[in-house]
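So this one's structure-v7.txt, compact mmCIF, C-alpha atoms:
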```
# COMPACT_ATOMS: atom_id res chain seq x y z
CA MET P 1 -37.16 104.58 96.07
CA ARG P 2 -40.72 105.83 96.45
CA ASP P 3 -41.90 102.21 96.42
CA LEU P 4 -39.51 101.34 99.23
CA ARG P 5 -40.92 104.09 101.44
CA LYS P 6 -44.45 102.92 100.76
CA THR P 7 -43.67 99.32 101.64
CA GLY P 8 -41.45 99.78 104.68
CA GLY P 9 -38.23 99.09 102.78
CA TRP P 10 -39.40 95.95 100.98
CA PRO P 11 -39.62 95.62 97.19
CA VAL P 12 -43.24 95.94 96.06
CA ALA P 13 -43.44 92.34 94.88
CA PHE P 14 -42.61 91.05 98.35
CA ALA P 15 -44.03 93.72 100.62
CA PRO P 16 -46.51 92.65 103.33
CA ALA P 17 -50.14 93.30 102.46
CA ARG P 18 -52.13 95.43 104.91
CA ASN P 19 -55.60 94.29 105.96
CA THR P 20 -58.55 96.44 106.99
CA SER P 21 -57.77 96.18 110.69
CA GLY P 22 -54.46 97.97 110.25
CA THR P 23 -52.29 94.91 110.88
CA THR P 24 -50.09 93.41 108.20
CA THR P 25 -50.26 90.01 106.59
CA SER P 26 -48.17 88.49 103.90
CA SER P 27 -49.23 88.94 100.27
CA ARG P 28 -49.59 85.16 100.03
CA ALA P 29 -52.10 85.15 102.87
CA ALA P 30 -53.97 88.03 101.26
CA ALA P 31 -54.26 85.88 98.15
CA GLY P 32 -55.65 82.96 100.16
CA ARG P 33 -52.38 81.04 100.28
CA PRO P 34 -50.38 80.04 103.38
CA PRO P 35 -48.27 82.95 104.55
CA THR P 36 -44.53 82.85 103.93
CA ALA P 37 -42.34 84.32 106.65
CA VAL P 38 -40.17 87.16 105.35
CA ARG P 39 -36.95 87.68 107.21
CA PRO P 40 -34.99 90.92 107.02
CA VAL P 41 -31.70 90.65 105.17
CA SER P 42 -28.55 90.81 107.24
CA ARG P 43 -26.43 93.79 106.25
CA GLY P 44 -23.30 91.72 106.73
CA ARG P 45 -24.55 88.99 104.42
CA LEU P 46 -25.66 91.52 101.83
CA ALA P 47 -22.28 93.24 101.92
CA GLY P 48 -20.50 89.89 101.65
CA PHE P 49 -22.64 88.95 98.67
CA ARG P 50 -21.93 92.23 96.92
CA VAL P 51 -18.18 91.80 97.33
CA ALA P 52 -18.25 88.16 96.21
CA ALA P 53 -20.51 88.94 93.23
CA ILE P 54 -18.37 91.86 92.07
CA LEU P 55 -15.15 89.85 92.31
CA THR P 56 -16.69 86.83 90.58
CA GLY P 57 -18.27 89.00 87.90
CA LEU P 58 -14.98 90.77 87.21
CA LEU P 59 -13.14 87.45 86.95
CA LEU P 60 -15.76 86.20 84.51
CA LEU P 61 -15.55 89.42 82.53
CA LEU P 62 -11.75 89.26 82.39
CA ALA P 63 -12.06 85.72 81.02
CA GLY P 64 -14.85 86.47 78.56
CA ALA P 65 -14.13 89.92 77.16
CA PRO P 66 -10.72 89.12 75.61
CA ALA P 67 -12.20 86.00 74.01
CA LEU P 68 -14.71 88.21 72.19
CA LEU P 69 -11.79 89.47 70.11
CA ALA P 70 -10.80 85.97 68.97
CA PRO P 71 -11.89 86.59 65.36
CA TRP P 72 -9.07 89.15 65.14
CA TRP P 73 -6.79 88.52 68.12
CA LEU P 74 -6.25 85.38 70.14
CA PRO P 75 -5.88 85.66 73.92
CA ALA P 76 -2.48 84.53 75.10
CA ASP P 77 -3.81 82.22 77.83
CA THR P 78 -6.14 79.90 75.90
CA GLY P 79 -4.05 76.86 76.84
CA ASP P 80 -4.77 75.50 73.36
CA ALA P 81 -1.91 74.55 71.07
CA HIS P 82 -4.27 74.80 68.08
CA ALA P 83 -6.10 77.99 69.07
CA GLU P 84 -5.89 79.36 65.53
CA ALA P 85 -8.23 76.60 64.36
CA HIS P 86 -10.60 77.15 67.27
CA ARG P 87 -11.35 80.86 67.00
CA TRP P 88 -15.10 80.15 66.74
CA PHE P 89 -15.15 78.07 69.92
CA ILE P 90 -13.26 80.81 71.76
CA THR P 91 -15.62 83.52 70.50
CA VAL P 92 -18.74 81.62 71.57
CA SER P 93 -17.22 80.98 74.98
CA GLY P 94 -16.33 84.64 75.42
CA THR P 95 -19.80 85.79 74.36
CA ALA P 96 -21.63 83.53 76.81
CA ASP P 97 -19.22 84.35 79.65
CA THR P 98 -19.60 88.08 79.04
CA ILE P 99 -23.40 87.78 79.19
CA GLY P 100 -23.04 85.94 82.50
CA ALA P 101 -20.62 88.57 83.82
CA ILE P 102 -23.02 91.40 82.94
CA ALA P 103 -25.90 89.70 84.74
CA LEU P 104 -23.74 89.04 87.79
CA LEU P 105 -22.35 92.56 88.05
CA VAL P 106 -25.84 94.06 87.74
CA LEU P 107 -27.03 91.65 90.43
CA ALA P 108 -24.23 92.80 92.73
CA PHE P 109 -25.66 96.31 92.71
CA ARG P 110 -29.32 95.29 92.46
CA PRO P 111 -29.50 92.08 94.54
CA ALA P 112 -33.30 92.12 94.68
CA LEU P 113 -33.38 91.20 90.97
CA VAL P 114 -33.97 87.55 91.80
CA LEU P 115 -34.33 86.67 88.11
CA LEU P 116 -30.63 87.35 87.55
CA ALA P 117 -29.68 85.21 90.55
CA VAL P 118 -31.66 82.22 89.31
CA GLU P 119 -30.25 82.60 85.78
CA THR P 120 -26.74 82.64 87.26
CA LEU P 121 -27.46 79.55 89.35
CA VAL P 122 -28.82 77.67 86.33
CA ALA P 123 -25.75 78.67 84.31
CA VAL P 124 -23.38 77.37 87.00
CA VAL P 125 -25.26 74.08 87.36
CA LEU P 126 -25.39 73.47 83.60
CA ALA P 127 -21.72 74.31 83.24
CA ALA P 128 -20.79 71.90 86.04
CA LEU P 129 -22.95 69.05 84.71
CA ILE P 130 -21.56 69.36 81.19
CA ASN P 131 -17.90 70.11 81.88
CA MET P 132 -16.93 68.26 85.04
CA PRO P 133 -17.29 64.74 83.60
CA VAL P 134 -14.78 65.79 80.94
CA ASP P 135 -12.55 68.06 82.97
CA PRO P 136 -12.66 67.55 86.77
CA TRP P 137 -10.57 70.70 87.18
CA PHE P 138 -13.66 72.65 86.19
CA GLY P 139 -14.70 72.08 89.79
CA VAL P 140 -12.30 74.87 90.73
CA ILE P 141 -14.46 77.32 88.77
CA VAL P 142 -17.55 76.01 90.55
CA LEU P 143 -15.84 76.59 93.89
CA ILE P 144 -15.05 80.17 92.87
CA MET P 145 -18.72 80.75 92.08
CA THR P 146 -20.01 79.07 95.24
CA PRO P 147 -19.44 81.84 97.85
CA MET P 148 -21.48 84.30 95.81
CA LEU P 149 -24.33 81.81 95.47
CA VAL P 150 -24.28 80.84 99.14
CA LEU P 151 -24.24 84.46 100.31
CA TYR P 152 -27.08 85.57 98.06
CA PRO P 153 -29.68 86.83 100.55
CA HIS P 154 -32.94 86.51 98.60
CA TRP P 155 -33.23 82.80 97.81
CA PRO P 156 -36.50 82.48 99.83
CA ARG P 157 -38.15 84.68 97.20
CA VAL P 158 -37.65 82.04 94.53
CA ARG P 159 -40.45 79.85 95.88
CA ASP P 160 -42.91 81.03 93.22
CA VAL P 161 -40.57 80.30 90.31
CA ARG P 162 -43.20 78.11 88.67
CA THR P 163 -45.39 81.17 88.13
CA TRP P 164 -42.68 83.25 86.47
CA TRP P 165 -43.80 82.34 82.96
CA ALA P 166 -47.52 82.93 83.66
CA THR P 167 -47.64 86.10 81.52
CA PRO P 168 -44.47 85.99 79.43
CA ILE P 169 -43.25 88.16 76.58
CA LYS P 170 -44.14 85.92 73.69
CA PRO P 171 -41.37 86.75 71.15
CA PRO P 172 -38.45 85.96 73.50
CA LEU P 173 -40.33 82.95 74.87
CA LEU P 174 -40.96 81.46 71.43
CA LEU P 175 -37.46 82.32 70.23
CA GLY P 176 -36.00 80.94 73.45
CA LEU P 177 -37.94 77.69 73.22
CA ALA P 178 -37.05 77.20 69.55
CA SER P 179 -33.39 78.14 69.90
CA THR P 180 -32.90 76.19 73.12
CA THR P 181 -34.42 73.08 71.55
CA VAL P 182 -32.11 73.37 68.54
CA LEU P 183 -29.07 74.25 70.64
CA VAL P 184 -29.66 71.35 73.04
CA GLY P 185 -29.63 69.06 70.02
CA ILE P 186 -26.42 70.59 68.72
CA GLY P 187 -24.96 70.51 72.22
CA THR P 188 -25.79 66.80 72.56
CA VAL P 189 -23.91 66.11 69.34
CA ALA P 190 -21.01 68.24 70.60
CA ILE P 191 -20.85 66.30 73.87
CA ALA P 192 -20.85 63.03 71.93
CA ARG P 193 -17.97 64.33 69.81
CA GLN P 194 -16.08 65.26 72.97
CA PHE P 195 -16.02 61.57 73.95
CA THR P 196 -15.68 59.99 70.52
CA ALA P 197 -13.74 62.37 68.29
CA GLU P 198 -9.97 62.40 68.14
CA ASP P 199 -9.56 65.89 66.73
CA SER P 200 -7.78 68.87 68.25
CA ALA P 201 -11.06 70.36 69.52
CA ALA P 202 -11.78 67.26 71.58
CA ALA P 203 -8.22 67.24 72.90
CA ALA P 204 -8.70 70.81 74.17
CA ASN P 205 -12.20 70.04 75.59
CA TRP P 206 -13.77 72.55 73.23
CA TRP P 207 -16.73 70.36 72.30
CA SER P 208 -18.06 70.17 75.86
CA ASP P 209 -17.32 73.85 76.41
CA TYR P 210 -19.19 74.65 73.18
CA ALA P 211 -22.21 72.59 74.25
CA GLU P 212 -22.46 74.44 77.57
CA HIS P 213 -22.25 77.92 76.09
CA LEU P 214 -24.62 77.18 73.23
CA VAL P 215 -27.35 75.97 75.59
CA LEU P 216 -26.91 79.04 77.80
CA LEU P 217 -27.47 81.32 74.81
CA GLY P 218 -30.97 79.85 74.52
CA VAL P 219 -31.69 79.62 78.23
CA VAL P 220 -31.01 83.33 78.79
CA LEU P 221 -33.82 84.13 76.33
CA LEU P 222 -36.22 81.95 78.33
CA PHE P 223 -35.44 83.90 81.49
CA ALA P 224 -35.78 87.22 79.67
CA ALA P 225 -39.27 86.16 78.57
CA THR P 226 -40.56 86.13 82.17
CA ARG P 227 -40.99 89.92 82.14
CA LEU P 228 -39.78 90.03 85.74
CA PRO P 229 -37.53 92.88 86.91
CA GLY P 230 -34.13 92.41 85.32
CA TRP P 231 -35.48 90.86 82.13
CA ARG P 232 -34.21 93.76 80.04
CA VAL P 233 -30.65 93.15 81.24
CA LEU P 234 -30.82 89.58 79.99
CA ALA P 235 -32.64 90.47 76.78
CA ALA P 236 -30.22 93.25 75.86
CA ALA P 237 -27.15 91.11 76.57
CA ALA P 238 -28.57 88.11 74.72
CA SER P 239 -29.61 90.25 71.76
CA ALA P 240 -26.12 91.72 71.44
CA GLY P 241 -24.57 88.26 71.82
CA TRP P 242 -26.71 86.65 69.13
CA ILE P 243 -26.11 89.51 66.68
CA TYR P 244 -22.37 89.47 67.34
CA LEU P 245 -22.05 85.71 66.90
CA GLY P 246 -24.25 85.79 63.81
CA LEU P 247 -22.14 88.47 62.16
CA THR P 248 -18.94 86.68 63.18
CA ALA P 249 -20.14 83.39 61.69
CA THR P 250 -21.32 85.10 58.52
CA LEU P 251 -18.48 87.51 57.81
CA LEU P 252 -15.39 86.49 59.77
CA LEU P 253 -15.33 82.78 60.65
CA PRO P 254 -17.73 81.01 58.25
CA ASN P 255 -15.41 78.06 57.66
CA GLN P 256 -14.14 77.40 61.17
CA THR P 257 -14.88 74.12 62.92
CA ALA P 258 -18.49 74.13 64.24
CA SER P 259 -19.14 77.66 62.93
CA TRP P 260 -22.74 78.46 62.09
CA GLY P 261 -21.64 79.61 58.63
CA THR P 262 -23.48 82.19 56.54
CA PRO P 263 -27.08 80.83 56.55
CA TYR P 264 -27.31 80.12 60.27
CA GLY P 265 -25.23 83.17 61.07
CA LEU P 266 -27.86 85.33 59.40
CA PHE P 267 -30.49 83.52 61.45
CA GLY P 268 -28.55 84.45 64.60
CA VAL P 269 -28.54 88.10 63.55
CA LEU P 270 -32.30 88.03 62.94
CA LEU P 271 -32.94 86.31 66.27
CA GLY P 272 -30.89 88.93 68.11
CA ALA P 273 -32.64 91.76 66.27
CA ALA P 274 -36.08 90.29 67.05
CA THR P 275 -35.14 90.13 70.74
CA ALA P 276 -33.95 93.74 70.64
CA THR P 277 -37.33 94.93 69.38
CA THR P 278 -38.99 93.83 72.64
CA LEU P 279 -36.84 96.16 74.71
CA SER P 280 -38.62 99.37 73.77
CA SER P 281 -42.20 98.10 73.90
CA LYS P 282 -44.32 99.65 76.66
CA ASP P 283 -46.38 96.47 76.71
CA ASN P 284 -43.38 94.65 78.17
CA GLU P 285 -43.02 96.61 81.39
CA PRO P 286 -42.02 94.38 84.34
CA ARG P 287 -44.92 92.74 86.15
CA THR P 288 -43.50 93.90 89.47
CA ARG P 289 -40.89 96.40 90.54
CA GLN P 290 -37.92 95.53 92.70
CA CYS P 291 -35.31 97.80 94.23
CA SER P 292 -32.12 96.77 95.96
```
Show me, as structure tokens, the structure contained in the file I just sent.
Amino acid sequence: MRDLRKTGGWPVAFAPARNTSGTTTSSRAAAGRPPTAVRPVSRGRLAGFRVAAILTGLLLLLAGAPALLAPWWLPADTGDAHAEAHRWFITVSGTADTIGAIALLVLAFRPALVLLAVETLVAVVLAALINMPVDPWFGVIVLIMTPMLVLYPHWPRVRDVRTWWATPIKPPLLLGLASTTVLVGIGTVAIARQFTAEDSAAAANWWSDYAEHLVLLGVVLLFAATRLPGWRVLAAAASAGWIYLGLTATLLLPNQTASWGTPYGLFGVLLGAATATTLSSKDNEPRTRQCS
């Protein structure tokens, strides 16, 4: 809050810079770049976004949290006649959805954390691109997510997204690049199986769903590596997700269809643990501070 008083209510990263004459200029102009007009956020739009984000986040959490228990207890509304054989798919789906719900609910209360908004947007776009060709009804989910994205008040602050990885946290960045590359490959195979296989997983559209959620598990690490405000939310959620899935694959569901099994499950645990170690390092303090 002290930073808000010092900057006239704006987060430090986006506050106008003051020149020697006592007038204010944008921070871009102070850096020798063309100034970017900063418009105050409408209270009505901000309130609408908060409501939409909370409702959407709760819906996502209600869908994801029960699926986390799939190794022991199957949700009643999977819509899958062979859910018993697809516990691993359900668990992965629930893990990724819960990570998304956490990011969205935090964003609802801290809307200036632009990093979380962009991660959410990327997740929605990837999900739509992967799932809608297989299941057009997935468009309903996209429509549910749309009001929150449209009402988000800080999209103009995403213009410098290309600089976000200028000084990254190297462990999550390297882990994110490596895991995303591997998971994109696995996801590509899964998508191919969705169109070519005649098994029960393809009939229930699990292969495309699996591809989407696998890729998002890697992408969230890439966003956490930016070291922008909100990165710890993503890193903590991703770390817990990787450890949980790794332990599940190793101890509970090693022989399920598409399961990572013991060797790769242990790798998932190690990856999650390595990500967790970055959370307490003082060297990884956010590059800028933002307050809602």
Legend entry - For His86 in chain P, the nearest of the candidates P:Ala108, P:Ala273, P:Leu74, P:Val219, counting all atoms listed in the file: P:Leu74
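Closest approach to Thr275 in chain P among P:Val184, P:Gly261, P:Ile169, P:Ala249: P:Ile169, based on all atoms listed in the file.
For the pair CA of Leu68 in chain P and CA of Ala103 in chain P, the interatomic distance is 16.9 Å.
Closest approach to Tyr210 in chain P among P:Thr188, P:Val106, P:Gly44, P:Pro263: P:Thr188, based on all atoms listed in the file.
What separates CA of Leu173 in chain P from CA of Val220 in chain P is a distance of 10.1 Å.
Taking only C-alpha atoms into account, Ala65 in chain P lies nearest to P:Gly241 out of the set P:Gly241, P:Leu129, P:Ala204, P:Phe195.
Nearest to Val158 in chain P of all the residues P:Val118, P:Leu177, P:Met132, P:Val182 is P:Val118, based on only C-alpha atoms.
With all atoms listed in the file as the atoms that count, the minimum distance from Leu222 in chain P to the choices P:Val269, P:Leu126, P:Ile102, P:Leu115 is reached by P:Leu115.
Counting from CA of Leu221 in chain P, the distance to CA of Gly176 in chain P is 4.8 Å.
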